[in-house]
>>> print(open('final13.cif').read())   # mmCIF, C-alpha atoms
data_entry
#
loop_
_atom_site.label_atom_id
_atom_site.label_comp_id
_atom_site.auth_asym_id
_atom_site.auth_seq_id
_atom_site.Cartn_x
_atom_site.Cartn_y
_atom_site.Cartn_z
CA MET A 1453 178.94 122.75 80.59
CA TYR A 1454 175.19 123.12 80.66
CA GLY A 1455 174.87 121.00 83.76
CA SER A 1456 176.58 123.65 85.84
CA HIS A 1457 173.61 125.97 85.41
CA THR A 1458 170.62 124.97 87.51
CA GLY A 1459 167.03 125.65 86.57
CA ARG A 1460 167.56 125.26 82.84
CA ARG A 1461 165.82 123.27 80.22
CA ARG A 1462 166.23 122.71 76.61
CA GLU A 1463 164.60 121.37 73.54
CA ALA A 1464 166.36 120.35 70.36
CA VAL A 1465 164.99 121.42 67.04
CA ARG A 1466 163.57 118.71 64.88
CA GLY A 1467 161.28 120.88 62.75
CA GLY A 1468 158.22 118.91 63.74
CA THR A 1469 157.10 115.52 62.55
CA ALA A 1470 155.22 116.77 59.50
CA ARG A 1471 158.07 117.05 57.02
CA VAL A 1472 157.59 119.54 54.27
CA ARG A 1473 158.12 118.86 50.59
CA GLY A 1474 157.26 121.54 48.07
CA GLY A 1475 155.47 123.72 50.58
CA THR A 1476 152.95 121.15 51.82
CA ALA A 1477 153.29 119.52 55.22
CA ARG A 1478 153.22 115.88 54.24
CA VAL A 1479 152.03 113.34 56.73
CA ARG A 1480 152.68 109.67 56.19
CA GLY A 1481 149.76 108.37 54.17
CA GLY A 1482 148.79 111.72 52.64
CA THR A 1483 149.28 115.46 52.79
CA ALA A 1484 148.33 117.32 55.92
CA ARG A 1485 145.29 118.83 54.28
CA GLY A 1486 142.92 117.42 56.83
CA GLY A 1487 141.59 114.06 57.88
CA ALA A 1488 139.02 113.98 55.11
CA VAL A 1489 141.63 113.86 52.37
CA VAL A 1490 143.66 111.21 54.14
CA GLY A 1491 140.56 109.15 54.88
CA ALA A 1492 139.36 109.35 51.30
CA LEU A 1493 142.73 108.31 49.97
CA LEU A 1494 142.91 105.34 52.30
CA SER A 1495 139.38 104.29 51.34
CA LEU A 1496 140.20 104.40 47.65
CA LEU A 1497 143.32 102.34 48.21
CA ALA A 1498 141.37 99.78 50.16
CA LEU A 1499 138.62 99.53 47.56
CA SER A 1500 141.10 99.19 44.73
CA GLY A 1501 142.87 96.32 46.44
CA CYS A 1502 146.08 98.33 46.86
CA PHE A 1503 145.78 98.08 50.61
CA GLY A 1504 147.22 94.63 50.70
CA SER A 1505 149.62 92.50 52.56
CA SER A 1506 152.67 94.73 53.02
CA SER A 1507 153.50 95.71 56.57
CA SER A 1508 153.92 99.36 55.54
CA ASP A 1509 150.36 99.45 54.19
CA ARG A 1510 149.02 97.89 57.36
CA GLU A 1511 150.95 100.44 59.36
CA GLU A 1512 149.45 103.28 57.37
CA GLU A 1513 145.96 101.87 57.93
CA ALA A 1514 146.58 101.65 61.68
CA ILE A 1515 147.97 105.17 61.74
CA ALA A 1516 144.99 106.54 59.83
CA ALA A 1517 142.59 104.87 62.24
CA ALA A 1518 144.45 106.28 65.24
CA ARG A 1519 144.81 109.84 64.00
CA PRO A 1520 143.53 112.21 66.66
CA ALA A 1521 140.75 114.70 66.03
CA GLN A 1522 141.12 118.43 66.47
CA ARG A 1523 140.25 119.92 69.85
CA PRO A 1524 137.26 122.29 70.03
CA ARG A 1525 138.42 125.66 68.77
CA ASN A 1526 136.69 127.52 71.58
CA VAL A 1527 138.82 125.58 74.09
CA VAL A 1528 142.15 125.79 72.26
CA PRO A 1529 142.55 127.14 68.73
CA TYR A 1530 145.77 125.32 67.89
CA TRP A 1531 146.23 122.54 65.37
CA VAL A 1532 146.69 118.92 66.43
CA ASN A 1533 149.28 117.32 64.15
CA PRO A 1534 147.73 114.02 63.00
CA ASP A 1535 151.17 112.67 62.21
CA GLY A 1536 153.08 113.71 65.32
CA SER A 1537 155.38 111.37 67.21
CA ALA A 1538 152.73 110.61 69.81
CA ALA A 1539 150.10 109.90 67.15
CA ARG A 1540 152.39 107.45 65.41
CA GLN A 1541 153.26 105.79 68.71
CA LEU A 1542 149.55 105.50 69.47
CA ALA A 1543 148.98 103.75 66.16
CA ALA A 1544 151.87 101.37 66.81
CA TYR A 1545 150.54 100.41 70.23
CA ARG A 1546 147.05 99.81 68.86
CA ARG A 1547 148.41 97.71 66.03
CA ARG A 1548 150.30 95.56 68.54
CA GLY A 1549 147.31 95.23 70.85
CA LYS A 1550 148.93 97.24 73.66
CA ASP A 1551 145.72 98.83 74.82
CA GLU A 1552 146.97 100.27 78.11
CA GLU A 1553 149.98 101.92 76.49
CA ALA A 1554 147.73 103.25 73.72
CA ARG A 1555 145.36 104.74 76.28
CA LEU A 1556 148.23 106.55 77.96
CA ILE A 1557 149.87 107.87 74.81
CA GLN A 1558 146.51 109.10 73.54
CA ARG A 1559 146.62 111.70 76.32
CA ILE A 1560 149.53 113.28 74.47
CA ALA A 1561 148.51 112.55 70.87
CA GLU A 1562 145.13 114.27 71.16
CA GLN A 1563 146.58 117.63 72.28
CA PRO A 1564 148.11 120.39 70.14
CA VAL A 1565 151.85 120.74 70.67
CA ALA A 1566 154.25 123.26 69.21
CA GLU A 1567 156.16 122.59 66.00
CA TRP A 1568 159.84 123.58 66.24
CA LEU A 1569 161.06 124.82 62.87
CA GLY A 1570 164.17 123.17 61.53
CA VAL A 1571 167.25 124.76 60.04
CA ASP A 1572 167.19 123.52 56.46
CA ASP A 1573 163.76 124.52 55.14
CA PRO A 1574 162.08 127.07 57.42
CA GLU A 1575 159.93 128.48 54.63
CA GLY A 1576 158.61 125.12 53.53
CA GLU A 1577 157.99 123.93 57.07
CA ALA A 1578 156.28 127.13 58.16
CA ARG A 1579 154.10 127.06 55.05
CA GLY A 1580 153.30 123.39 55.51
CA PHE A 1581 152.33 123.66 59.15
CA THR A 1582 150.25 126.82 58.69
CA GLU A 1583 148.49 125.43 55.62
CA ALA A 1584 147.68 122.20 57.42
CA ALA A 1585 146.33 124.17 60.37
CA ALA A 1586 144.30 126.45 58.12
CA GLU A 1587 142.68 123.44 56.41
CA GLU A 1588 141.35 122.44 59.84
CA GLU A 1589 140.38 126.04 60.68
CA ARG A 1590 143.00 126.10 63.40
CA ASP A 1591 146.08 128.20 64.18
CA ALA A 1592 149.65 126.93 63.94
CA LEU A 1593 151.79 126.98 67.09
CA LEU A 1594 155.43 127.39 66.09
CA VAL A 1595 158.76 127.75 67.87
CA PHE A 1596 161.66 129.66 66.31
CA TYR A 1597 164.89 128.31 67.80
CA ASN A 1598 167.88 129.18 65.63
CA ILE A 1599 169.59 132.10 67.36
CA PRO A 1600 173.40 132.19 66.92
CA HIS A 1601 175.35 130.67 69.84
CA ARG A 1602 172.24 128.76 70.87
CA ASP A 1603 172.17 127.02 74.26
CA CYS A 1604 175.76 128.04 75.06
CA GLY A 1605 177.15 124.99 73.30
CA GLN A 1606 175.28 122.52 75.46
CA TYR A 1607 172.76 119.75 74.64
CA SER A 1608 170.97 121.85 72.02
CA LYS A 1609 173.96 123.76 70.75
CA GLY A 1610 173.89 125.11 67.25
CA GLY A 1611 171.80 127.79 65.68
CA ALA A 1612 172.58 130.08 62.78
CA ALA A 1613 176.24 130.67 61.98
CA ASP A 1614 175.96 134.42 62.43
CA GLY A 1615 173.55 137.33 62.38
CA ASP A 1616 173.23 137.44 58.61
CA ALA A 1617 172.48 133.73 58.45
CA TYR A 1618 169.81 134.15 61.11
CA ARG A 1619 168.18 137.04 59.26
CA ALA A 1620 168.07 134.98 56.07
CA TRP A 1621 166.55 132.03 57.95
CA LEU A 1622 164.01 134.34 59.59
CA ASP A 1623 162.97 135.89 56.29
CA LYS A 1624 162.22 132.43 54.90
CA ALA A 1625 160.20 131.43 57.96
CA VAL A 1626 158.21 134.67 57.82
CA ARG A 1627 157.42 134.10 54.13
CA GLY A 1628 156.28 130.60 54.99
CA ILE A 1629 153.73 131.87 57.51
CA GLY A 1630 152.33 134.54 55.22
CA ASP A 1631 148.76 135.60 55.97
CA ARG A 1632 147.79 132.40 57.83
CA ALA A 1633 147.10 132.35 61.57
CA ALA A 1634 150.11 131.47 63.71
CA THR A 1635 151.52 131.97 67.18
CA VAL A 1636 155.31 132.05 67.42
CA ILE A 1637 157.30 131.37 70.58
CA LEU A 1638 160.48 133.27 69.85
CA GLU A 1639 163.90 131.84 70.67
CA PRO A 1640 163.72 129.85 73.91
CA ASP A 1641 166.79 130.41 76.12
CA ALA A 1642 168.00 133.45 74.21
CA LEU A 1643 167.12 136.05 76.84
CA PRO A 1644 167.62 133.99 80.02
CA HIS A 1645 171.08 132.98 78.79
CA ALA A 1646 171.81 136.66 78.15
CA VAL A 1647 170.86 137.44 81.74
CA ASP A 1648 172.62 134.58 83.54
CA GLY A 1649 175.96 135.23 81.86
CA CYS A 1650 176.09 131.99 79.90
CA THR A 1651 176.11 133.84 76.59
CA PRO A 1652 179.32 135.91 76.28
CA LYS A 1653 178.79 139.67 76.50
CA ARG A 1654 180.31 140.26 73.07
CA PHE A 1655 177.29 138.52 71.49
CA LEU A 1656 174.56 140.32 73.41
CA GLU A 1657 174.15 143.45 71.30
CA GLU A 1658 173.66 141.34 68.19
CA ARG A 1659 171.24 139.07 70.03
CA TYR A 1660 168.99 141.94 71.05
CA ASP A 1661 169.11 143.30 67.51
CA LEU A 1662 168.16 139.93 66.04
CA LEU A 1663 165.27 139.44 68.45
CA THR A 1664 163.94 142.94 67.90
CA GLY A 1665 164.14 142.42 64.16
CA ALA A 1666 162.32 139.10 64.46
CA VAL A 1667 159.51 140.66 66.47
CA ASP A 1668 159.18 143.47 63.92
CA LYS A 1669 158.96 141.12 60.95
CA LEU A 1670 156.59 138.67 62.59
CA LYS A 1671 154.28 141.42 63.78
CA GLY A 1672 154.28 142.78 60.24
CA LEU A 1673 152.26 139.70 59.31
CA PRO A 1674 148.48 140.11 59.53
CA ARG A 1675 147.63 137.11 61.76
CA THR A 1676 150.74 136.26 63.77
CA LYS A 1677 151.17 136.53 67.51
CA VAL A 1678 154.62 136.55 69.13
CA TYR A 1679 155.80 135.67 72.63
CA LEU A 1680 159.38 136.13 73.83
CA ASP A 1681 160.82 133.51 76.16
CA ALA A 1682 161.38 134.80 79.70
CA GLY A 1683 162.68 131.66 81.42
CA ASN A 1684 161.05 130.27 84.54
CA PRO A 1685 160.85 131.11 88.25
CA HIS A 1686 163.73 128.81 89.16
CA TRP A 1687 166.11 130.14 86.53
CA ILE A 1688 166.13 133.95 86.69
CA LYS A 1689 164.60 134.09 90.13
CA ASP A 1690 164.27 137.87 90.38
CA PRO A 1691 161.86 139.02 87.64
CA ARG A 1692 163.42 142.48 87.75
CA ARG A 1693 166.45 141.01 85.99
CA MET A 1694 164.28 139.92 83.04
CA ALA A 1695 162.37 143.17 82.53
CA GLU A 1696 165.00 145.23 80.72
CA PRO A 1697 166.19 142.37 78.47
CA LEU A 1698 162.59 141.79 77.38
CA ARG A 1699 162.20 145.47 76.55
CA ARG A 1700 165.48 145.48 74.60
CA ALA A 1701 164.30 142.44 72.64
CA GLY A 1702 161.17 144.17 71.37
CA LEU A 1703 158.53 143.21 73.91
CA ARG A 1704 156.63 146.44 73.30
CA LYS A 1705 155.57 145.20 69.85
CA ALA A 1706 155.24 141.54 70.88
CA ASP A 1707 152.02 140.08 72.25
CA GLY A 1708 153.64 138.99 75.51
CA PHE A 1709 156.16 136.58 76.97
CA ALA A 1710 156.36 132.84 77.60
CA LEU A 1711 157.34 131.00 80.78
CA ASN A 1712 158.47 127.51 81.74
CA ILE A 1713 159.39 126.28 78.27
CA ALA A 1714 160.44 122.62 78.63
CA ASN A 1715 160.70 122.98 82.40
CA TYR A 1716 158.75 121.53 85.31
CA GLN A 1717 157.95 124.50 87.55
CA THR A 1718 154.36 124.52 88.76
CA THR A 1719 151.68 126.53 87.04
CA GLN A 1720 151.01 128.44 90.26
CA ASP A 1721 154.67 129.44 90.69
CA ASN A 1722 154.76 130.58 87.08
CA LYS A 1723 151.63 132.66 87.59
CA VAL A 1724 153.10 134.41 90.60
CA TYR A 1725 156.38 135.07 88.81
CA GLY A 1726 154.68 136.07 85.57
CA LYS A 1727 152.45 138.64 87.22
CA LYS A 1728 155.41 140.26 88.93
CA LEU A 1729 157.27 140.41 85.62
CA SER A 1730 154.20 141.65 83.77
CA ALA A 1731 153.86 144.54 86.20
CA LEU A 1732 157.42 145.56 85.32
CA VAL A 1733 156.85 145.56 81.56
CA GLY A 1734 153.65 147.50 81.13
CA GLY A 1735 151.18 144.75 81.97
CA LYS A 1736 152.07 142.44 79.09
CA PRO A 1737 150.25 139.08 79.33
CA PHE A 1738 152.01 135.73 79.19
CA VAL A 1739 151.60 132.06 78.33
CA ILE A 1740 152.81 129.08 80.37
CA ASP A 1741 154.22 125.80 79.10
CA THR A 1742 152.32 123.17 81.09
CA SER A 1743 153.45 120.18 79.04
CA ARG A 1744 155.32 118.41 81.86
CA ASN A 1745 154.70 120.32 85.08
CA GLY A 1746 151.87 118.20 86.49
CA LYS A 1747 153.92 117.23 89.55
CA GLY A 1748 156.25 120.19 89.52
CA PRO A 1749 160.05 119.90 89.64
CA VAL A 1750 161.92 117.14 91.44
CA PRO A 1751 161.76 118.12 95.14
CA GLY A 1752 164.81 118.50 97.36
CA LYS A 1753 167.39 117.61 94.74
CA GLU A 1754 170.77 119.25 94.23
CA ASP A 1755 171.20 117.63 90.84
CA PRO A 1756 172.72 120.29 88.54
CA GLU A 1757 170.76 118.69 85.70
CA ALA A 1758 167.45 118.49 87.55
CA TRP A 1759 165.85 120.00 84.44
CA CYS A 1760 167.04 117.13 82.24
CA ASN A 1761 164.73 114.11 81.95
CA PRO A 1762 163.84 114.02 85.66
CA LYS A 1763 162.01 110.94 86.85
CA GLY A 1764 158.48 110.89 88.21
CA ARG A 1765 157.22 113.93 86.33
CA ALA A 1766 153.76 114.24 84.76
CA LEU A 1767 151.77 115.97 82.07
CA GLY A 1768 150.34 119.28 83.25
CA GLU A 1769 147.16 121.15 82.39
CA THR A 1770 146.01 120.46 78.87
CA PRO A 1771 146.35 123.32 76.37
CA THR A 1772 143.61 125.90 76.68
CA VAL A 1773 142.93 129.60 76.35
CA HIS A 1774 140.57 129.44 79.32
CA THR A 1775 143.01 129.90 82.20
CA GLY A 1776 140.67 131.75 84.56
CA ASP A 1777 143.26 134.52 84.83
CA PRO A 1778 143.30 137.55 82.50
CA ALA A 1779 147.07 137.87 82.85
CA VAL A 1780 147.61 134.32 81.53
CA GLU A 1781 146.54 134.10 77.91
CA ALA A 1782 147.01 130.35 77.52
CA TYR A 1783 148.39 127.12 78.85
CA LEU A 1784 150.37 125.61 75.99
CA TRP A 1785 152.40 122.47 75.35
CA ILE A 1786 155.45 124.18 73.90
CA LYS A 1787 157.84 121.40 74.80
CA ARG A 1788 156.73 118.25 73.01
CA PRO A 1789 155.93 115.71 75.78
CA GLY A 1790 157.82 112.48 75.25
CA GLU A 1791 160.83 114.03 73.55
CA SER A 1792 164.14 113.87 75.40
CA ASP A 1793 165.87 116.82 77.03
CA GLY A 1794 169.26 115.36 76.16
CA THR A 1795 171.60 112.47 76.74
CA CYS A 1796 171.16 112.43 80.50
CA LYS A 1797 169.51 109.88 82.78
CA GLY A 1798 169.39 107.33 80.01
CA GLY A 1799 167.75 109.60 77.46
CA PRO A 1800 168.44 109.78 73.73
CA GLN A 1801 169.67 112.88 71.94
CA ALA A 1802 167.77 116.07 72.75
CA GLY A 1803 164.53 116.29 70.82
CA ARG A 1804 164.31 112.57 70.03
CA TRP A 1805 161.07 110.74 70.79
CA TRP A 1806 161.42 108.56 73.91
CA PRO A 1807 158.39 106.26 74.36
CA ARG A 1808 159.27 105.22 77.89
CA TYR A 1809 159.42 108.80 79.10
CA ALA A 1810 156.20 109.65 77.29
CA LEU A 1811 154.41 106.77 79.01
CA ASP A 1812 155.72 107.85 82.40
CA LEU A 1813 154.52 111.43 81.89
CA ALA A 1814 151.03 110.23 80.96
CA ARG A 1815 150.89 107.55 83.66
CA ASN A 1816 151.88 110.00 86.39
CA ALA A 1817 149.32 112.61 85.35
CA THR A 1818 146.37 112.89 87.71
#
>>> encode(input="final13.cif", output="structure tokens")
Amino acid sequence: MYGSHTGRRREAVRGGTARVRGGTARVRGGTARGGAVVGALLSLLALSGCFGSSSSDREEEAIAAARPAQRPRNVVPYWVNPDGSAARQLAAYRRRGKDEEARLIQRIAEQPVAEWLGVDDPEGEARGFTEAAAEEERDALLVFYNIPHRDCGQYSKGGAADGDAYRAWLDKAVRGIGDRAATVILEPDALPHAVDGCTPKRFLEERYDLLTGAVDKLKGLPRTKVYLDAGNPHWIKDPRRMAEPLRRAGLRKADGFALNIANYQTTQDNKVYGKKLSALVGGKPFVIDTSRNGKGPVPGKEDPEAWCNPKGRALGETPTVHTGDPAVEAYLWIKRPGESDGTCKGGPQAGRWWPRYALDLARNAT
């Protein structure tokens, strides 16, 4: 079982909140073509008297009023989803007059977080998210998480049925991105699980082939950056064990590697680890997931599931490309703060929005 492996973390795929229909990322109350379109639509409805007494209309009005603005591009270039789980929770709290809860959830809603592509419509979702980002002159931040034998059959088990199914899924996602600006975090867990022995050896050759192929296709796009997941300092503790797997997975063509996805290790520990690993792989830069590492991991615990919904954790550094360290290209919120790690410690299914946990993360942030 997953709990027997310490230092892990996982995120279930939900494909993001902005569901795609016909290639456009639709947000509730309008298409994700930017706040201006949504605002105009809502204004017309109000003027025409269509914005009436139904609770759903009132909800849409509250949501529109609460939709977060984009962050300054020179601070972080990534798109803020105006219809994300946190944004909708913010609107609900404001509608119910829960000002303190709204203030806390706004800390999450106003930041760009990664969109995890789903299984059923990768082309439509990738197109929808990148088009919505382009309308706001921002870049899409995407996670590809569909590798066969994903998560060793644990909380986020699943993935493509086989290599051919993965390649078909990948081709659709790549077409969906097209020539729009995107950063892709490629297959969390895939390499660390290959190193720690969780993924059976008979699957490893195919895994490296699939990852290399994914890097090749994504880097064939004109405006796409790619980072391979390299675990975290508490998982594969010796960075020398990660160097060769990264090379075999196509790191040479990739833009770098990613650390701490959905985990709680401190930014400083990730920097130290990342620089050691970078020195082993030709100086490749890296990004760090700071979404929930504000207080680091739970101290002094032997809990085999210490990675799973631990109590007392906090939001970390907000997303930015200004890290003060040339080796660290960005702090990103790759894990979506407020979504469960799995059915542990009272949490819902992995990837489900959990308001109580989201509030705790924001409340504990300094």
>>> resolve_selection(input="final13.cif", expression="the PyMOL selection byres ((chain A and resi 1686-1690) around 12)", output="PyMOL selection string")
chain A and resi 1457-1461+1641+1643-1649+1681-1685+1691-1695+1697+1711-1713+1715-1718+1721-1722+1724-1726+1728-1729+1732+1748-1749+1758-1759
>>> write_last_selection(input="final13.cif", atoms="C-alpha atoms", output="PDB file, in the coordinates of the input")
ATOM      1  CA  HIS A1457     173.610 125.970  85.410  1.00  0.00           C
ATOM      2  CA  THR A1458     170.620 124.970  87.510  1.00  0.00           C
ATOM      3  CA  GLY A1459     167.030 125.650  86.570  1.00  0.00           C
ATOM      4  CA  ARG A1460     167.560 125.260  82.840  1.00  0.00           C
ATOM      5  CA  ARG A1461     165.820 123.270  80.220  1.00  0.00           C
ATOM      6  CA  ASP A1641     166.790 130.410  76.120  1.00  0.00           C
ATOM      7  CA  LEU A1643     167.120 136.050  76.840  1.00  0.00           C
ATOM      8  CA  PRO A1644     167.620 133.990  80.020  1.00  0.00           C
ATOM      9  CA  HIS A1645     171.080 132.980  78.790  1.00  0.00           C
ATOM     10  CA  ALA A1646     171.810 136.660  78.150  1.00  0.00           C
ATOM     11  CA  VAL A1647     170.860 137.440  81.740  1.00  0.00           C
ATOM     12  CA  ASP A1648     172.620 134.580  83.540  1.00  0.00           C
ATOM     13  CA  GLY A1649     175.960 135.230  81.860  1.00  0.00           C
ATOM     14  CA  ASP A1681     160.820 133.510  76.160  1.00  0.00           C
ATOM     15  CA  ALA A1682     161.380 134.800  79.700  1.00  0.00           C
ATOM     16  CA  GLY A1683     162.680 131.660  81.420  1.00  0.00           C
ATOM     17  CA  ASN A1684     161.050 130.270  84.540  1.00  0.00           C
ATOM     18  CA  PRO A1685     160.850 131.110  88.250  1.00  0.00           C
ATOM     19  CA  PRO A1691     161.860 139.020  87.640  1.00  0.00           C
ATOM     20  CA  ARG A1692     163.420 142.480  87.750  1.00  0.00           C
ATOM     21  CA  ARG A1693     166.450 141.010  85.990  1.00  0.00           C
ATOM     22  CA  MET A1694     164.280 139.920  83.040  1.00  0.00           C
ATOM     23  CA  ALA A1695     162.370 143.170  82.530  1.00  0.00           C
ATOM     24  CA  PRO A1697     166.190 142.370  78.470  1.00  0.00           C
ATOM     25  CA  LEU A1711     157.340 131.000  80.780  1.00  0.00           C
ATOM     26  CA  ASN A1712     158.470 127.510  81.740  1.00  0.00           C
ATOM     27  CA  ILE A1713     159.390 126.280  78.270  1.00  0.00           C
ATOM     28  CA  ASN A1715     160.700 122.980  82.400  1.00  0.00           C
ATOM     29  CA  TYR A1716     158.750 121.530  85.310  1.00  0.00           C
ATOM     30  CA  GLN A1717     157.950 124.500  87.550  1.00  0.00           C
ATOM     31  CA  THR A1718     154.360 124.520  88.760  1.00  0.00           C
ATOM     32  CA  ASP A1721     154.670 129.440  90.690  1.00  0.00           C
ATOM     33  CA  ASN A1722     154.760 130.580  87.080  1.00  0.00           C
ATOM     34  CA  VAL A1724     153.100 134.410  90.600  1.00  0.00           C
ATOM     35  CA  TYR A1725     156.380 135.070  88.810  1.00  0.00           C
ATOM     36  CA  GLY A1726     154.680 136.070  85.570  1.00  0.00           C
ATOM     37  CA  LYS A1728     155.410 140.260  88.930  1.00  0.00           C
ATOM     38  CA  LEU A1729     157.270 140.410  85.620  1.00  0.00           C
ATOM     39  CA  LEU A1732     157.420 145.560  85.320  1.00  0.00           C
ATOM     40  CA  GLY A1748     156.250 120.190  89.520  1.00  0.00           C
ATOM     41  CA  PRO A1749     160.050 119.900  89.640  1.00  0.00           C
ATOM     42  CA  ALA A1758     167.450 118.490  87.550  1.00  0.00           C
ATOM     43  CA  TRP A1759     165.850 120.000  84.440  1.00  0.00           C
TER      44      TRP A1759
END
>>> resolve_selection(input="final13.cif", expression="the PyMOL selection byres ((chain A and resi 1589) around 10)", output="PyMOL selection string")
chain A and resi 1486+1522+1525+1529-1531+1583-1588+1590-1592+1633
>>> atom_distance(input="final13.cif", atom1="CA of Val1565 (chain A)", atom2="CA of Pro1524 (chain A)")
14.7 Å
>>> closest_atom_pairs(input="final13.cif", of="region 1520-1598 of chain A", to="region 1613-1623 of chain A", cutoff="10 Å", atoms="all atoms listed in the file", output="CSV")
residue,atom,partner,partner_atom,distance
A:Gly1570,CA,A:Trp1621,CA,9.8
A:Val1571,CA,A:Trp1621,CA,7.6
A:Asp1572,CA,A:Trp1621,CA,8.7
A:Asp1573,CA,A:Trp1621,CA,8.5
A:Pro1574,CA,A:Trp1621,CA,6.7
A:Glu1575,CA,A:Asp1623,CA,8.2
A:Phe1596,CA,A:Leu1622,CA,8.5
A:Asn1598,CA,A:Tyr1618,CA,7.0
>>> closest_residue(input="final13.cif", among="A:Arg1699, A:His1601, A:Arg1675, A:Arg1654", to="Thr1635 (chain A)", atoms="all atoms listed in the file")
A:Arg1675
>>> closest_residue(input="final13.cif", among="A:Gln1541, A:Ala1634, A:Asp1755, A:Gly1776", to="Ile1560 (chain A)", atoms="all atoms listed in the file")
A:Gln1541
>>> closest_residue(input="final13.cif", among="A:Pro1520, A:Gly1580, A:Pro1762, A:Pro1789", to="Arg1627 (chain A)", atoms="all atoms listed in the file")
A:Gly1580
>>> atom_distance(input="final13.cif", atom1="CA of Ile1786 (chain A)", atom2="CA of Arg1765 (chain A)")
16.2 Å
>>> closest_residue(input="final13.cif", among="A:Cys1796, A:Cys1650, A:Val1527, A:Leu1680", to="Leu1703 (chain A)", atoms="only C-alpha atoms")
A:Leu1680
>>> atom_distance(input="final13.cif", atom1="CA of Thr1719 (chain A)", atom2="CA of Tyr1597 (chain A)")
23.4 Å
>>> residues_near_point(input="final13.cif", point="(150.7, 141.3, 60.1)", cutoff="12 Å", atoms="all atoms listed in the file", output="list in words")
Val1626, Arg1627, Ile1629, Gly1630, Asp1631, Arg1632, Ala1633, Ala1634, Thr1635, Val1667, Asp1668, Lys1669, Leu1670, Lys1671, Gly1672, Leu1673, Pro1674, Arg1675, Thr1676, Lys1677, Val1678, Lys1705 and Ala1706 of chain A
>>> closest_residue(input="final13.cif", among="A:Thr1818, A:Gln1563, A:Thr1664, A:Gln1558", to="Pro1771 (chain A)", atoms="only C-alpha atoms")
A:Gln1563
